[in-house]
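Colleague: My structure is stored as structure.txt, with compact mmCIF, C-alpha atoms.
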# COMPACT_ATOMS: atom_id res chain seq x y z
CA MET T 230 -40.75 30.33 29.06
CA PRO T 231 -39.49 28.22 26.16
CA CYS T 232 -35.74 27.91 26.35
CA LEU T 233 -33.04 26.79 23.94
CA ASN T 234 -29.56 28.00 24.90
CA GLU T 235 -30.63 31.19 26.66
CA ALA T 236 -27.84 31.25 29.27
CA GLU T 237 -27.29 34.99 28.74
CA THR T 238 -30.84 36.02 29.65
CA VAL T 239 -32.84 33.23 31.29
CA GLU T 240 -31.67 34.02 34.82
CA THR T 241 -32.68 37.66 34.45
CA CYS T 242 -36.13 36.71 33.17
CA VAL T 243 -36.73 34.28 36.01
CA ARG T 244 -35.65 36.73 38.72
CA LYS T 245 -37.82 39.51 37.28
CA THR T 246 -40.86 37.25 37.25
CA ILE T 247 -40.32 35.95 40.79
CA GLY T 248 -39.84 39.53 41.95
CA PHE T 249 -43.15 40.44 40.34
CA PHE T 250 -44.86 37.57 42.16
CA GLU T 251 -43.47 38.66 45.52
CA GLU T 252 -44.30 42.32 44.97
CA LYS T 253 -47.91 41.64 43.96
CA GLY T 254 -48.50 38.81 46.43
CA ILE T 255 -49.16 36.28 43.68
CA ASP T 256 -48.92 32.56 44.33
CA GLY T 257 -47.04 31.63 41.16
CA GLU T 258 -44.13 29.72 39.71
CA VAL T 259 -41.74 30.09 36.78
CA VAL T 260 -41.60 27.09 34.47
CA ILE T 261 -38.72 26.85 32.03
CA ALA T 262 -39.62 24.52 29.14
CA ASP T 263 -36.14 23.50 28.08
CA ASN T 264 -35.88 22.25 24.52
CA GLY T 265 -32.41 20.71 24.75
CA SER T 266 -30.12 23.52 25.86
CA THR T 267 -26.40 22.76 25.88
CA ASP T 268 -25.10 25.99 27.43
CA GLY T 269 -26.13 25.39 31.04
CA SER T 270 -29.39 27.33 30.84
CA GLN T 271 -31.15 24.68 32.93
CA GLN T 272 -28.98 25.11 36.03
CA LEU T 273 -28.99 28.89 35.77
CA ALA T 274 -32.79 28.82 35.72
CA ARG T 275 -32.95 26.48 38.72
CA ASP T 276 -30.54 28.64 40.69
CA ALA T 277 -32.74 31.66 39.98
CA GLY T 278 -35.77 29.83 41.40
CA ALA T 279 -37.46 28.31 38.34
CA ARG T 280 -38.75 24.81 37.76
CA VAL T 281 -37.16 23.30 34.66
CA VAL T 282 -39.25 20.95 32.52
CA PRO T 283 -37.34 19.10 29.77
CA VAL T 284 -39.21 18.89 26.44
CA ILE T 285 -37.76 16.35 24.03
CA ASP T 286 -39.68 17.26 20.87
CA LYS T 287 -37.96 20.16 19.13
CA GLY T 288 -39.79 23.33 18.19
CA TYR T 289 -41.23 26.49 19.69
CA GLY T 290 -44.76 25.08 19.86
CA ASN T 291 -43.65 21.78 21.35
CA ALA T 292 -41.66 23.55 24.04
CA LEU T 293 -44.57 25.80 24.95
CA MET T 294 -47.10 22.96 25.09
CA GLY T 295 -44.73 20.98 27.29
CA GLY T 296 -44.43 23.91 29.67
CA ILE T 297 -48.15 24.70 29.62
CA SER T 298 -49.04 21.09 30.39
CA ALA T 299 -46.58 21.05 33.31
CA ALA T 300 -47.74 24.37 34.77
CA ARG T 301 -49.63 24.07 38.05
CA GLY T 302 -51.43 27.40 38.09
CA ARG T 303 -54.93 28.28 36.95
CA TYR T 304 -53.55 31.06 34.78
CA VAL T 305 -50.49 30.74 32.57
CA ALA T 306 -48.41 33.51 31.04
CA MET T 307 -45.96 32.68 28.26
CA GLY T 308 -43.07 34.76 27.01
CA ASP T 309 -39.65 34.36 25.47
CA ALA T 310 -36.65 33.91 27.75
CA ASP T 311 -34.52 36.42 25.82
CA ASP T 312 -35.40 39.45 28.00
CA SER T 313 -37.26 41.19 25.18
CA TYR T 314 -40.44 41.32 27.27
CA ASP T 315 -40.68 42.78 30.76
CA PHE T 316 -42.32 40.15 32.96
CA THR T 317 -42.87 42.70 35.72
CA THR T 318 -45.66 44.16 33.57
CA LEU T 319 -47.89 41.08 33.75
CA GLY T 320 -50.33 42.82 36.12
CA PRO T 321 -52.78 44.01 33.40
CA PHE T 322 -52.80 40.53 31.88
CA LEU T 323 -53.76 39.00 35.22
CA ASP T 324 -56.43 41.67 35.80
CA GLU T 325 -58.09 40.82 32.48
CA LEU T 326 -58.02 37.09 33.27
CA ARG T 327 -59.58 37.67 36.66
CA ASP T 328 -62.23 39.74 34.89
CA GLY T 329 -63.26 36.71 32.82
CA ALA T 330 -61.00 36.74 29.76
CA ASP T 331 -59.91 33.38 28.34
CA LEU T 332 -56.89 34.70 26.43
CA VAL T 333 -55.06 38.02 26.84
CA MET T 334 -52.73 39.02 24.02
CA GLY T 335 -49.96 41.57 24.15
CA ASN T 336 -49.92 44.17 21.38
CA ARG T 337 -46.47 45.48 20.57
CA PHE T 338 -47.74 47.97 18.01
CA LYS T 339 -49.85 49.70 20.70
CA GLY T 340 -47.32 49.38 23.52
CA GLY T 341 -44.24 50.37 21.57
CA ILE T 342 -41.36 48.71 19.75
CA ALA T 343 -37.95 50.00 20.79
CA ASP T 344 -35.29 50.73 18.20
CA GLY T 345 -33.55 47.53 17.16
CA ALA T 346 -36.11 45.29 18.87
CA MET T 347 -37.72 44.07 15.63
CA PRO T 348 -36.26 43.88 12.11
CA PRO T 349 -37.90 46.39 9.73
CA LEU T 350 -39.10 43.55 7.49
CA HIS T 351 -41.01 42.02 10.41
CA ARG T 352 -42.24 45.35 11.76
CA TYR T 353 -43.58 46.89 8.56
CA LEU T 354 -44.42 43.85 6.42
CA GLY T 355 -44.39 40.42 8.04
CA ASN T 356 -46.34 40.97 11.25
CA PRO T 357 -48.83 43.53 9.87
CA VAL T 358 -49.62 41.40 6.81
CA LEU T 359 -50.00 38.13 8.70
CA SER T 360 -52.10 39.81 11.39
CA PHE T 361 -54.29 41.34 8.68
CA VAL T 362 -54.72 37.92 7.05
CA GLY T 363 -55.69 36.44 10.40
CA ARG T 364 -58.27 39.16 11.01
CA LEU T 365 -59.64 38.80 7.48
CA PHE T 366 -59.83 35.00 7.44
CA PHE T 367 -61.19 34.46 10.94
CA ARG T 368 -62.92 37.77 11.77
CA SER T 369 -60.58 38.27 14.70
CA LYS T 370 -60.07 41.65 16.36
CA ILE T 371 -56.51 40.93 17.44
CA GLY T 372 -54.03 43.49 16.13
CA ASP T 373 -50.81 41.55 16.86
CA PHE T 374 -51.25 37.85 16.09
CA HIS T 375 -47.67 36.93 16.90
CA CYS T 376 -46.89 38.73 20.12
CA GLY T 377 -44.82 36.35 22.24
CA LEU T 378 -46.18 37.68 25.54
CA ARG T 379 -49.67 36.46 26.34
CA ALA T 380 -51.61 34.97 29.24
CA PHE T 381 -54.58 32.63 29.38
CA ASP T 382 -56.77 30.34 31.40
CA LYS T 383 -54.93 27.02 31.26
CA GLU T 384 -58.04 24.85 31.21
CA ALA T 385 -59.55 26.83 28.33
CA ILE T 386 -56.40 26.64 26.22
CA MET T 387 -55.92 22.93 26.88
CA ARG T 388 -59.43 22.32 25.51
CA LEU T 389 -58.34 23.71 22.14
CA GLY T 390 -56.10 20.71 21.45
CA LEU T 391 -53.21 22.76 20.03
CA GLN T 392 -51.01 20.61 17.81
CA THR T 393 -48.47 22.63 15.81
CA GLY T 394 -44.89 22.25 16.94
CA GLY T 395 -43.22 25.26 15.32
CA MET T 396 -43.53 29.02 15.35
CA GLU T 397 -47.03 28.80 13.87
CA PHE T 398 -48.16 27.75 17.35
CA ALA T 399 -48.67 31.46 18.07
CA SER T 400 -51.20 31.71 15.22
CA GLU T 401 -52.89 28.42 16.08
CA MET T 402 -53.70 29.55 19.60
CA VAL T 403 -55.35 32.77 18.42
CA VAL T 404 -57.19 31.12 15.51
CA LYS T 405 -58.63 28.24 17.51
CA ALA T 406 -59.58 30.48 20.42
CA THR T 407 -61.34 32.81 17.98
CA LEU T 408 -63.20 29.97 16.26
CA GLN T 409 -64.38 28.65 19.63
CA GLY T 410 -65.76 32.06 20.58
CA TYR T 411 -63.35 32.66 23.47
CA ASP T 412 -63.16 36.02 25.23
CA ILE T 413 -59.90 37.40 23.80
CA ARG T 414 -58.51 40.77 24.86
CA GLU T 415 -55.40 42.82 24.17
CA VAL T 416 -52.98 44.66 26.43
CA PRO T 417 -50.38 47.15 25.14
CA THR T 418 -46.93 45.59 25.47
CA THR T 419 -43.46 47.00 25.00
CA LEU T 420 -40.89 45.06 23.00
CA SER T 421 -37.23 45.72 23.79
CA PRO T 422 -34.06 44.47 22.11
CA ASP T 423 -33.24 41.03 23.46
CA GLY T 424 -30.21 40.55 25.66
CA ARG T 425 -28.51 37.86 23.58
CA SER T 426 -25.32 38.23 21.62
CA ARG T 427 -26.29 35.53 19.12
CA ALA T 428 -28.89 35.58 16.34
CA PRO T 429 -32.50 34.67 17.26
CA HIS T 430 -33.96 31.26 16.44
CA LEU T 431 -36.64 32.87 14.24
CA ASN T 432 -36.16 32.38 10.49
CA THR T 433 -37.89 35.19 8.60
CA TRP T 434 -39.03 33.43 5.44
CA ARG T 435 -39.42 29.88 6.72
CA ASP T 436 -41.42 30.80 9.82
CA GLY T 437 -43.38 33.49 7.98
CA TRP T 438 -44.46 30.90 5.42
CA ARG T 439 -45.41 28.45 8.18
CA HIS T 440 -47.69 31.08 9.72
CA LEU T 441 -49.28 31.92 6.37
CA ARG T 442 -49.67 28.25 5.48
CA PHE T 443 -51.42 27.54 8.75
CA LEU T 444 -53.82 30.47 8.31
CA MET T 445 -54.75 29.27 4.82
CA LEU T 446 -55.17 25.61 5.78
CA TYR T 447 -57.50 26.54 8.64
CA SER T 448 -59.70 28.65 6.37
CA PRO T 449 -61.21 26.55 3.55
CA ARG T 450 -63.35 29.55 2.68
CA TRP T 451 -60.35 31.65 1.65
CA LEU T 452 -58.18 28.79 0.47
CA PHE T 453 -60.75 27.09 -1.77
CA LEU T 454 -64.23 28.64 -1.78
CA ILE T 455 -63.61 32.28 -2.66
CA PRO T 456 -60.91 31.60 -5.30
CA GLY T 457 -63.12 28.83 -6.70
CA LEU T 458 -66.13 31.12 -7.00
CA VAL T 459 -64.00 33.74 -8.73
CA PHE T 460 -62.66 31.20 -11.24
CA MET T 461 -66.14 29.78 -11.86
CA THR T 462 -67.67 33.21 -12.41
CA VAL T 463 -64.96 34.37 -14.80
CA GLY T 464 -64.96 31.06 -16.68
CA LEU T 465 -68.75 30.89 -16.96
CA LEU T 466 -69.20 34.48 -18.15
CA ALA T 467 -66.33 34.24 -20.62
CA GLY T 468 -67.56 30.86 -21.88
CA ILE T 469 -71.08 32.14 -22.48
CA ALA T 470 -69.80 35.21 -24.29
CA LEU T 471 -67.39 33.27 -26.54
CA SER T 472 -69.65 30.30 -27.31
CA THR T 473 -71.51 32.28 -29.97
CA GLY T 474 -68.55 34.01 -31.57
CA PRO T 475 -65.43 36.08 -30.98
CA VAL T 476 -65.53 39.04 -28.59
CA THR T 477 -63.61 42.22 -29.35
CA VAL T 478 -62.56 44.65 -26.65
CA GLY T 479 -60.95 47.65 -28.26
CA GLU T 480 -58.27 46.32 -30.56
CA ILE T 481 -58.05 42.95 -28.77
CA ALA T 482 -60.05 40.01 -30.09
CA PHE T 483 -60.90 37.02 -27.89
CA ASP T 484 -61.75 33.80 -29.68
CA VAL T 485 -61.67 30.01 -29.20
CA ASP T 486 -58.25 30.04 -27.53
CA THR T 487 -59.77 32.13 -24.75
CA LEU T 488 -62.78 29.81 -24.74
CA VAL T 489 -60.48 26.90 -23.88
CA GLY T 490 -59.03 28.93 -21.01
CA ALA T 491 -62.55 29.81 -19.82
CA GLY T 492 -63.48 26.13 -19.77
CA ALA T 493 -60.36 25.34 -17.73
CA ALA T 494 -61.15 28.17 -15.29
CA LEU T 495 -64.68 26.86 -14.86
CA VAL T 496 -63.44 23.33 -14.12
CA ILE T 497 -60.76 24.55 -11.71
CA GLY T 498 -63.22 26.80 -9.90
CA PHE T 499 -65.82 24.05 -9.59
CA GLN T 500 -63.20 21.69 -8.18
CA ALA T 501 -62.04 24.31 -5.68
CA VAL T 502 -65.61 24.88 -4.45
CA LEU T 503 -66.06 21.14 -3.99
CA PHE T 504 -62.75 20.98 -2.10
CA ALA T 505 -63.97 23.75 0.21
CA LEU T 506 -67.06 21.72 1.08
CA LEU T 507 -65.17 18.44 1.51
CA THR T 508 -62.48 20.07 3.64
CA LYS T 509 -65.07 21.73 5.85
CA VAL T 510 -66.98 18.48 6.35
CA TYR T 511 -63.86 16.54 7.27
CA ALA T 512 -62.51 19.28 9.56
CA MET T 513 -65.84 19.53 11.39
CA GLN T 514 -65.98 15.78 11.95
CA GLU T 515 -62.41 15.59 13.21
CA GLY T 516 -62.79 18.62 15.47
CA PHE T 517 -60.27 20.79 13.64
CA LEU T 518 -62.95 23.40 12.96
CA PRO T 519 -66.12 24.17 14.94
CA HIS T 520 -69.52 23.05 13.74
CA ASP T 521 -70.99 25.27 11.01
CA ARG T 522 -74.77 25.20 10.65
CA ARG T 523 -74.67 26.56 7.10
CA VAL T 524 -72.37 23.78 5.95
CA GLN T 525 -74.50 21.23 7.80
CA LYS T 526 -77.58 22.42 5.91
CA ILE T 527 -75.74 21.97 2.61
CA ILE T 528 -74.63 18.47 3.62
CA ASP T 529 -78.14 17.53 4.70
CA TRP T 530 -79.55 18.79 1.40
CA TRP T 531 -76.79 17.41 -0.83
CA SER T 532 -77.56 13.71 -0.76
CA LEU T 533 -75.84 11.13 -2.92
CA GLU T 534 -78.91 10.97 -5.12
CA ARG T 535 -78.93 14.74 -5.71
CA GLY T 536 -75.24 14.69 -6.51
CA LEU T 537 -75.73 11.86 -8.99
CA LEU T 538 -78.64 13.74 -10.53
CA LEU T 539 -76.53 16.87 -10.96
CA GLY T 540 -73.72 14.83 -12.45
CA GLY T 541 -76.20 13.11 -14.77
CA VAL T 542 -77.60 16.41 -16.02
CA LEU T 543 -74.11 17.73 -16.77
CA ALA T 544 -73.19 14.45 -18.44
CA VAL T 545 -76.27 14.60 -20.67
CA ALA T 546 -75.40 18.17 -21.63
CA GLY T 547 -71.85 17.14 -22.43
CA LEU T 548 -72.92 14.16 -24.47
CA ALA T 549 -75.43 16.30 -26.36
CA GLY T 550 -72.60 18.67 -27.22
CA LEU T 551 -70.43 15.82 -28.46
CA VAL T 552 -73.31 14.52 -30.59
CA ALA T 553 -73.74 18.02 -32.00
CA SER T 554 -70.05 18.16 -32.83
CA LEU T 555 -70.30 14.82 -34.65
CA LEU T 556 -73.26 16.08 -36.64
CA HIS T 557 -71.31 19.20 -37.48
CA TRP T 558 -68.42 17.01 -38.65
CA ARG T 559 -70.82 14.90 -40.70
CA VAL T 560 -72.20 17.98 -42.41
CA ASN T 561 -68.65 18.67 -43.51
CA SER T 562 -68.34 15.10 -44.83
CA PHE T 563 -66.02 14.13 -41.95
CA GLY T 564 -63.35 16.28 -43.47
CA GLU T 565 -61.19 19.09 -42.17
CA LEU T 566 -63.04 21.50 -39.84
CA ASP T 567 -62.58 25.13 -38.96
CA PRO T 568 -61.31 25.06 -35.34
CA ARG T 569 -63.07 28.32 -34.57
CA GLU T 570 -66.40 26.63 -35.24
CA SER T 571 -65.81 23.11 -33.93
CA LEU T 572 -64.18 24.17 -30.68
CA ARG T 573 -67.19 26.31 -29.77
CA ILE T 574 -69.11 23.04 -29.56
CA VAL T 575 -66.45 20.65 -28.26
CA VAL T 576 -65.02 22.81 -25.44
CA PRO T 577 -68.36 23.42 -23.61
CA ALA T 578 -69.26 19.74 -24.07
CA ALA T 579 -65.95 18.52 -22.66
CA THR T 580 -66.21 21.00 -19.78
CA ALA T 581 -69.68 19.71 -18.88
CA LEU T 582 -68.47 16.10 -18.94
CA VAL T 583 -65.52 16.85 -16.67
CA MET T 584 -67.75 18.74 -14.21
CA SER T 585 -70.24 15.87 -14.22
CA LEU T 586 -67.56 13.47 -13.01
CA GLN T 587 -66.40 15.98 -10.40
CA ALA T 588 -69.94 16.26 -9.05
CA VAL T 589 -70.39 12.47 -8.92
CA PHE T 590 -67.04 11.82 -7.21
CA ALA T 591 -67.61 14.61 -4.69
CA SER T 592 -71.07 13.25 -3.86
CA LEU T 593 -69.63 9.79 -3.31
CA PHE T 594 -66.91 11.15 -1.05
CA VAL T 595 -69.37 13.18 1.03
CA SER T 596 -71.46 10.02 1.40
CA ILE T 597 -68.40 8.09 2.55
CA LEU T 598 -67.75 10.73 5.20
CA GLY T 599 -71.40 10.44 6.21
CA ILE T 600 -71.12 6.67 6.61
CA ARG T 601 -68.05 7.15 8.80
CA ARG T 602 -69.93 9.67 10.90
CA ARG T 603 -73.01 7.51 11.44
CA GLN T 604 -71.69 3.98 11.61
CA HIS T 605 -72.12 1.87 14.71
CA PRO T 606 -73.96 4.33 16.97
CA PRO T 607 -73.60 3.40 20.64
CA VAL T 608 -76.61 1.52 21.98
CA ILE T 609 -76.11 3.05 25.40
CA ASP T 610 -74.79 6.49 26.11
CA PRO T 611 -71.41 6.20 27.90
CA ALA T 612 -72.55 8.55 30.63
CA GLU T 613 -75.73 6.54 31.20
CA GLU T 614 -73.74 3.31 31.19
CA ALA T 615 -71.35 4.71 33.78
CA ALA T 616 -74.28 5.90 35.88
CA GLY T 617 -75.81 2.43 35.64
CA VAL T 618 -72.59 0.85 36.89
CA VAL T 619 -72.51 3.26 39.82
CA ASP T 620 -76.18 2.58 40.63
CA ALA T 621 -75.61 -1.19 40.50
CA ALA T 622 -72.65 -0.88 42.84
CA ALA T 623 -74.72 1.27 45.20
CA ARG T 624 -77.50 -1.33 45.21
CA ARG T 625 -75.01 -4.11 46.00
CA VAL T 626 -73.63 -2.09 48.89
CA ALA T 627 -77.16 -1.37 50.14
CA ARG T 628 -78.10 -5.07 49.97
CA ALA T 629 -74.92 -6.03 51.79
CA GLU T 630 -75.68 -3.48 54.53
CA ALA T 631 -79.27 -4.71 54.79
CA ASP T 632 -78.13 -8.33 55.06
CA GLU T 633 -75.62 -7.37 57.71
CA LYS T 634 -78.27 -5.51 59.71
CA ALA T 635 -80.66 -8.45 59.40
CA GLU T 636 -77.97 -10.82 60.57
CA GLN T 637 -77.16 -8.58 63.53
CA ALA T 638 -80.85 -8.29 64.35
CA GLY T 639 -81.20 -12.09 64.23
CA LYS T 640 -78.23 -12.52 66.55
CA ALA T 641 -79.65 -9.94 68.95
CA GLU T 642 -83.05 -11.66 68.94
CA LYS T 643 -81.44 -15.04 69.56
CA ALA T 644 -79.39 -13.61 72.40
CA GLU T 645 -82.50 -12.11 73.95
CA LYS T 646 -84.28 -15.48 73.78
CA VAL T 647 -81.31 -17.23 75.42
CA GLU T 648 -81.17 -14.58 78.10
CA ALA T 649 -84.93 -14.93 78.68
CA ARG T 650 -84.65 -18.72 79.09
CA GLU T 651 -81.75 -18.33 81.52
CA ASN T 652 -83.71 -15.79 83.56
CA ALA T 653 -86.72 -18.11 83.60
CA ALA T 654 -84.56 -21.02 84.78
CA ARG T 655 -82.99 -18.92 87.58
CA HIS T 656 -86.44 -17.76 88.66
CA LYS T 657 -87.67 -21.36 88.77
CA ASP T 658 -84.66 -22.50 90.81
CA GLY T 659 -85.19 -19.61 93.18
Just give me the structure of the file as C-alpha cells.

Modeller:
Amino acid sequence: MPCLNEAETVETCVRKTIGFFEEKGIDGEVVIADNGSTDGSQQLARDAGARVVPVIDKGYGNALMGGISAARGRYVAMGDADDSYDFTTLGPFLDELRDGADLVMGNRFKGGIADGAMPPLHRYLGNPVLSFVGRLFFRSKIGDFHCGLRAFDKEAIMRLGLQTGGMEFASEMVVKATLQGYDIREVPTTLSPDGRSRAPHLNTWRDGWRHLRFLMLYSPRWLFLIPGLVFMTVGLLAGIALSTGPVTVGEIAFDVDTLVGAGAALVIGFQAVLFALLTKVYAMQEGFLPHDRRVQKIIDWWSLERGLLLGGVLAVAGLAGLVASLLHWRVNSFGELDPRESLRIVVPAATALVMSLQAVFASLFVSILGIRRRQHPPVIDPAEEAAGVVDAAARRVARAEADEKAEQAGKAEKAEKVEARENAARHKDG
C-alpha cells in the first residue's frame, strides 16, 4: 500500500488485510510503502502489524515500486491505503494468480462504484476515455486501466522494468504487460468512498494528462504513423488535384493558396511517418517496446543506399520543377508573374526538395542506430565464457584431487616397502 499521510485509514486497511490472511490461511505480509508521511502513519501501520518501507523518491509510482521491490511474497497485491478498496475481497485475485495469470486487474465499472466514491468527471469521462485509448492503442481487453486494486506475479512484473514515478504508473504496468503478451485478467471490484477527511492526492487534469501522454508516447503508431499517413494522403490528393488548376466544390473555389497548404501537409505527414519508424527502431533497441518483425523487415530493406536513392529521386524531381519555373519566368522575360501559374510549379518542386532532405537525413539516422546496434560484437558469449571459467575451475580441482591421491598412494607404497623390510629383518634375526 502506498502511503502519504494516511493516518485516518491506514490502520484499518492493514487490519482488514491481516484478518483476510488469517481467515484464508495465507502466508502473507502487509507492506506499507511510506512516501514521507508526517502524520504518524508509519507507527500506526506498524502497530497494526504491517512492515513499513520508507521510499524517498516522491510519487505514486515510486512508492509502489519501492514497496513491490521490498515485498517478500511470490504474489503481490497493491491497493490504496485510503479504505476505498476492501482488502478482504482479494480471494478471487489470488485464485486467478494460482490459475496462471500474470496480472489480475480490478474492474470498478463491473463491480460497482458507490455514490460519492468517484467524481462524475472521472467516472463518466476521464477513466472511460483513457481506458478506451489504452484498448485502442495497445489492443488490450482491460476495461478499467486505472483501477488501484490489482494483483500480480512479482517476478513477472519486475521483468517489465517499470520506470514512471507518478500516477501514470498504473497505465505503464498494463501497457507493458500487454505488449509482452502477459496473461491479464479482470475481477469485478467495488469502489467505496475513502475514509479520509482531506482531499485526495489525485489531480484531475494534471494526472489525466500524464496518463494520456504516456499512452501516446508508448504508441508511435498512433502518435506519428496514423496522423502522418492521414496528412500525407490529404496533402498528396489535394496537391495532385490543384497542380493543374483550381478546384471548385459548390460555391467554394480552391486554388494555389490551398496548394501551399497541401504541400505543407504532405511534408508534415512524411516527417511524422519517418518519426514513427525512427521512434520504433530506437524503442526496440532500448527495450522500451517489444521486437516487431514488421518494423525489422522495413529496417532490413531500408538501407542507407536505398534511402539516398529515394532522396536523390525526390531531389531530381524538385530541381526539375525549379528549372521549369525558371523557364516559365524566362518566357515572361523575367518580369512579373501570375502567382496562380508560377506557384503551381514552385510549390510541388519545393515540396519534393524538402522531402528529399527528410529521406536522406532519416536514412542516415537509421544507419547510425544500426551502427550502434552492431558495433563491437562480443567474441565470446558471456554464458559460454562463464561456463568456461567454471569448467577450468573444475579441472583444477580435479587435478588437485588426483595429485593428492597420487601423493597418498606414493606414501602408502613407501610405507608398505618400509614395513616389508622391517618384517624381513625381524625374520632374519629370528

Colleague: Rank T:Gly410, T:Gly490, T:Gly290, T:Gly424 by their smallest atom-to-atom distance to Asp315 in chain T, using all atoms listed in the file, and report the top residue only.

Modeller: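 Closest to Asp315 in chain T, using all atoms listed in the file: T:Gly424.
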
Colleague: Which residue, T:His440, T:Lys253, T:Arg275, T:Lys370, has the smallest gap to Glu240 in chain T when you use all atoms listed in the file?

Modeller: T:Arg275

Colleague: Can you measure CA of Glu251 in chain T to CA of Tyr304 in chain T for me? One decimal in Å is fine.

Modeller: 16.6 Å

Colleague: Kindly give the distance, in Å, that separates CA of Ser585 in chain T and CA of Trp530 in chain T, rounded to a single decimal.

Modeller: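 Going from CA of Ser585 in chain T over to CA of Trp530 in chain T, I get 18.4 Å.
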
Colleague: Which residues, written as a count of residues only, have at least one atom at most 10 Å from range 480-485 of chain T, with all atoms listed in the file counted and residues fewer than 4 positions away on the same chain left out?

Modeller: 19

Colleague: Do a neighbour search on Met445 in chain T at 12 Å with all atoms listed in the file, toss out local chain neighbours closer than 5 positions, and write the hits as number ranges by chain.

Modeller: T: 359, 362-363, 365-367, 397, 400-401, 404, 438-440, 450-455, 505

Colleague: Quote the spacing between CA of Thr419 in chain T and CA of Thr267 in chain T in Å to one decimal place.

Modeller: 29.7 Å

Colleague: T:Val552, T:Val239, T:Leu518, T:Ala591: which is nearest Gly278 in chain T, counting only C-alpha atoms?

Modeller: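 When distances to Gly278 in chain T are compared using only C-alpha atoms, the smallest one comes from T:Val239.
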
Colleague: Find the residue from T:Ala549, T:Val459, T:Met513, T:Leu593 that sits nearest to Ile574 in chain T; use all atoms listed in the file when measuring.

Modeller: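 Once distances to Ile574 in chain T are computed over all atoms listed in the file, the minimum belongs to T:Ala549.
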
Colleague: So that I can check the surroundings of Asp256 in chain T, please list as a CSV table (one decimal) with C-alpha atoms, keeping the file's coordinate frame every protein, DNA and RNA residue that reaches within 10 Å of it, counting all atoms listed in the file and ignoring chain neighbours fewer than 4 positions away.

Modeller:
chain,number,residue,atom,x,y,z
T,247,ILE,CA,-40.3,36.0,40.8
T,250,PHE,CA,-44.9,37.6,42.2
T,251,GLU,CA,-43.5,38.7,45.5
T,302,GLY,CA,-51.4,27.4,38.1

Colleague: Which one is closest to Ala399 in chain T: T:Glu565, T:Asp373, T:Glu237, T:Asp344? Count only C-alpha atoms.

Modeller: T:Asp373

Colleague: Could you check the closest approach to Asn356 in chain T for each of T:Asp423, T:Asp331, T:Asp436, T:Glu415 and tell me which residue wins, using only C-alpha atoms?

Modeller: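 For Asn356 in chain T, the nearest of the given residues is T:Asp436.
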
Colleague: Excluding Ile527 in chain T and its own-chain neighbours fewer than 3 positions away, which residues fall within 12 Å of it when counting all atoms listed in the file? Please give them as JSON, numbers by chain.

Modeller: {"T": [503, 506, 507, 509, 510, 521, 522, 523, 524, 530, 531, 532, 535, 536, 592, 595]}

Colleague: Show me, as a ChimeraX atom specification, the residues that have an atom within 12 Å of Val403 in chain T when counting only C-alpha atoms, minus same-chain residues fewer than 6 positions from it.

Modeller: /T:331-335,360,363-364,367-377,379-381,386,389,391,397,409-415,440,443-444,447
